[in-house]
>>> print(open('start.cif').read())   # mmCIF, C-alpha atoms
data_upload
#
loop_
_atom_site.label_atom_id
_atom_site.label_comp_id
_atom_site.auth_asym_id
_atom_site.auth_seq_id
_atom_site.Cartn_x
_atom_site.Cartn_y
_atom_site.Cartn_z
CA MET A 1 -16.89 -32.52 -103.48
CA PRO A 2 -14.29 -30.20 -105.01
CA ASP A 3 -13.75 -26.83 -103.40
CA PHE A 4 -13.33 -24.27 -106.20
CA THR A 5 -11.23 -21.26 -105.29
CA ALA A 6 -11.13 -19.76 -108.81
CA ASP A 7 -13.53 -19.23 -111.70
CA VAL A 8 -14.46 -22.18 -113.87
CA VAL A 9 -14.09 -21.29 -117.55
CA LEU A 10 -16.13 -23.28 -120.04
CA PRO A 11 -14.52 -23.43 -123.51
CA ARG A 12 -17.72 -23.69 -125.61
CA ASP A 13 -21.46 -24.18 -125.60
CA PRO A 14 -22.58 -27.64 -124.44
CA ASN A 15 -22.98 -30.28 -127.14
CA SER A 16 -24.90 -32.83 -125.07
CA ASN A 17 -27.62 -32.68 -122.40
CA LEU A 18 -25.41 -33.38 -119.39
CA LYS A 19 -22.60 -30.91 -120.10
CA ALA A 20 -22.25 -27.61 -118.24
CA ALA A 21 -23.54 -24.39 -119.82
CA THR A 22 -22.53 -20.78 -119.28
CA LYS A 23 -25.03 -18.22 -117.99
CA GLN A 24 -24.87 -16.45 -121.37
CA TYR A 25 -25.84 -19.67 -123.20
CA VAL A 26 -28.82 -20.25 -120.90
CA ASP A 27 -29.97 -16.61 -121.06
CA ASN A 28 -29.90 -16.70 -124.88
CA ARG A 29 -32.02 -19.86 -124.99
CA ALA A 30 -34.92 -18.67 -122.87
CA PRO A 31 -38.18 -20.39 -123.77
CA LYS A 32 -40.95 -18.56 -125.58
CA ILE A 33 -44.20 -18.27 -123.60
CA THR A 34 -47.44 -18.07 -125.61
CA VAL A 35 -50.74 -17.11 -123.97
CA ALA A 36 -53.61 -17.84 -126.38
CA SER A 37 -56.80 -19.81 -126.89
CA SER A 38 -55.18 -22.09 -129.47
CA ALA A 39 -51.87 -23.95 -129.50
CA PRO A 40 -48.94 -22.53 -131.50
CA SER A 41 -48.66 -24.03 -135.01
CA SER A 42 -44.96 -24.95 -134.70
CA PRO A 43 -43.68 -24.74 -131.13
CA ALA A 44 -39.99 -25.26 -130.44
CA THR A 45 -38.66 -27.57 -127.74
CA GLY A 46 -38.96 -25.77 -124.40
CA ASP A 47 -41.71 -23.37 -125.49
CA VAL A 48 -44.64 -22.97 -123.10
CA TRP A 49 -48.30 -22.54 -124.12
CA ILE A 50 -50.90 -21.29 -121.64
CA ASP A 51 -54.47 -22.08 -122.75
CA THR A 52 -56.82 -19.17 -122.02
CA THR A 53 -60.06 -21.01 -122.83
#
>>> encode(input="start.cif", output="structure tokens")
Amino acid sequence: MPDFTADVVLPRDPNSNLKAATKQYVDNRAPKITVASSAPSSPATGDVWIDTT
């Protein structure tokens, strides 16, 4: 296991599922949480729906 003694700088947003992401990238892609009695009409990947019925 490498022992990092300096910051790791990532040059860009990830372009595949297994690449590293910056904190800023993750924070900007927070999922949308919907609390309702019916499902959203067009949810995006990662969105969460909580059924209240």
>>> atom_distance(input="start.cif", atom1="CA of Ala21 (chain A)", atom2="CA of Thr34 (chain A)")
25.4 Å
>>> axis_aligned_box(input="start.cif", around="region 32-45 of chain A", padding_each_side="3 Å", output="AutoDock Vina command-line options")
--center_x -47.7 --center_y -22.3 --center_z -129.3 --size_x 24.1 --size_y 16.5 --size_z 17.4
>>> resolve_selection(input="start.cif", expression="the PyMOL selection byres ((chain A and resi 50) around 8)", output="ChimeraX atom specification")
/A:33-36,48-49,51-52
>>> closest_residue(input="start.cif", among="A:Thr53, A:Asp27, A:Thr22, A:Asp3", to="Ala39 (chain A)", atoms="only C-alpha atoms")
A:Thr53
>>> closest_residue(input="start.cif", among="A:Lys19, A:Asp47, A:Pro2, A:Arg12", to="Lys32 (chain A)", atoms="only C-alpha atoms")
A:Asp47
>>> atom_distance(input="start.cif", atom1="CA of Val9 (chain A)", atom2="CA of Thr45 (chain A)")
27.3 Å
>>> atom_distance(input="start.cif", atom1="CA of Met1 (chain A)", atom2="CA of Arg29 (chain A)")
29.2 Å
>>> residues_around(input="start.cif", residues="Ala20 (chain A)", least_positions_apart="6", cutoff="9 Å", atoms="all atoms listed in the file", output="list in words")
Leu10, Asp13 and Pro14 of chain A
>>> decode(input="start.cif", residues="chain A", atoms="C-alpha atoms", output="short mmCIF file (atom, residue, chain, number, x, y, z; two decimals), in the first residue's frame")
data_model
loop_
_atom_site.label_atom_id
_atom_site.label_comp_id
_atom_site.auth_asym_id
_atom_site.auth_seq_id
_atom_site.Cartn_x
_atom_site.Cartn_y
_atom_site.Cartn_z
CA MET A 1 0.00 0.00 0.00
CA PRO A 2 1.51 3.34 -0.99
CA ASP A 3 2.22 5.85 1.74
CA PHE A 4 1.22 9.29 0.43
CA THR A 5 3.13 12.18 1.95
CA ALA A 6 1.69 14.87 -0.35
CA ASP A 7 -1.68 15.78 -1.83
CA VAL A 8 -3.02 13.75 -4.72
CA VAL A 9 -4.20 16.05 -7.51
CA LEU A 10 -6.79 14.68 -9.91
CA PRO A 11 -6.63 16.32 -13.37
CA ARG A 12 -10.34 16.01 -14.31
CA ASP A 13 -13.70 14.54 -13.43
CA PRO A 14 -13.86 10.74 -13.71
CA ASN A 15 -14.96 9.33 -17.06
CA SER A 16 -15.61 5.76 -15.92
CA ASN A 17 -17.09 4.13 -12.81
CA LEU A 18 -13.82 2.97 -11.25
CA LYS A 19 -11.82 6.19 -11.54
CA ALA A 20 -11.18 8.48 -8.58
CA ALA A 21 -13.35 11.57 -8.06
CA THR A 22 -12.65 14.83 -6.26
CA LYS A 23 -14.74 15.90 -3.27
CA GLN A 24 -16.12 18.80 -5.35
CA TYR A 25 -17.32 16.39 -8.07
CA VAL A 26 -19.09 14.18 -5.52
CA ASP A 27 -20.64 17.13 -3.66
CA ASN A 28 -22.04 18.53 -6.93
CA ARG A 29 -23.64 15.20 -7.85
CA ALA A 30 -25.62 14.64 -4.67
CA PRO A 31 -28.75 12.56 -5.25
CA LYS A 32 -32.20 14.11 -5.12
CA ILE A 33 -34.45 12.71 -2.37
CA THR A 34 -38.20 12.75 -3.01
CA VAL A 35 -40.71 12.07 -0.23
CA ALA A 36 -44.18 11.55 -1.74
CA SER A 37 -47.06 9.13 -2.13
CA SER A 38 -46.30 8.55 -5.82
CA ALA A 39 -43.06 7.84 -7.66
CA PRO A 40 -41.32 10.66 -9.56
CA SER A 41 -42.23 10.76 -13.27
CA SER A 42 -38.62 10.85 -14.52
CA PRO A 43 -36.10 10.02 -11.80
CA ALA A 44 -32.40 10.32 -12.54
CA THR A 45 -29.86 7.62 -11.72
CA GLY A 46 -29.06 7.85 -8.00
CA ASP A 47 -32.29 9.62 -7.01
CA VAL A 48 -34.10 8.25 -3.97
CA TRP A 49 -37.88 8.01 -3.55
CA ILE A 50 -39.46 7.44 -0.13
CA ASP A 51 -43.06 6.19 -0.37
CA THR A 52 -45.28 7.83 2.26
CA THR A 53 -48.33 5.61 1.68
#
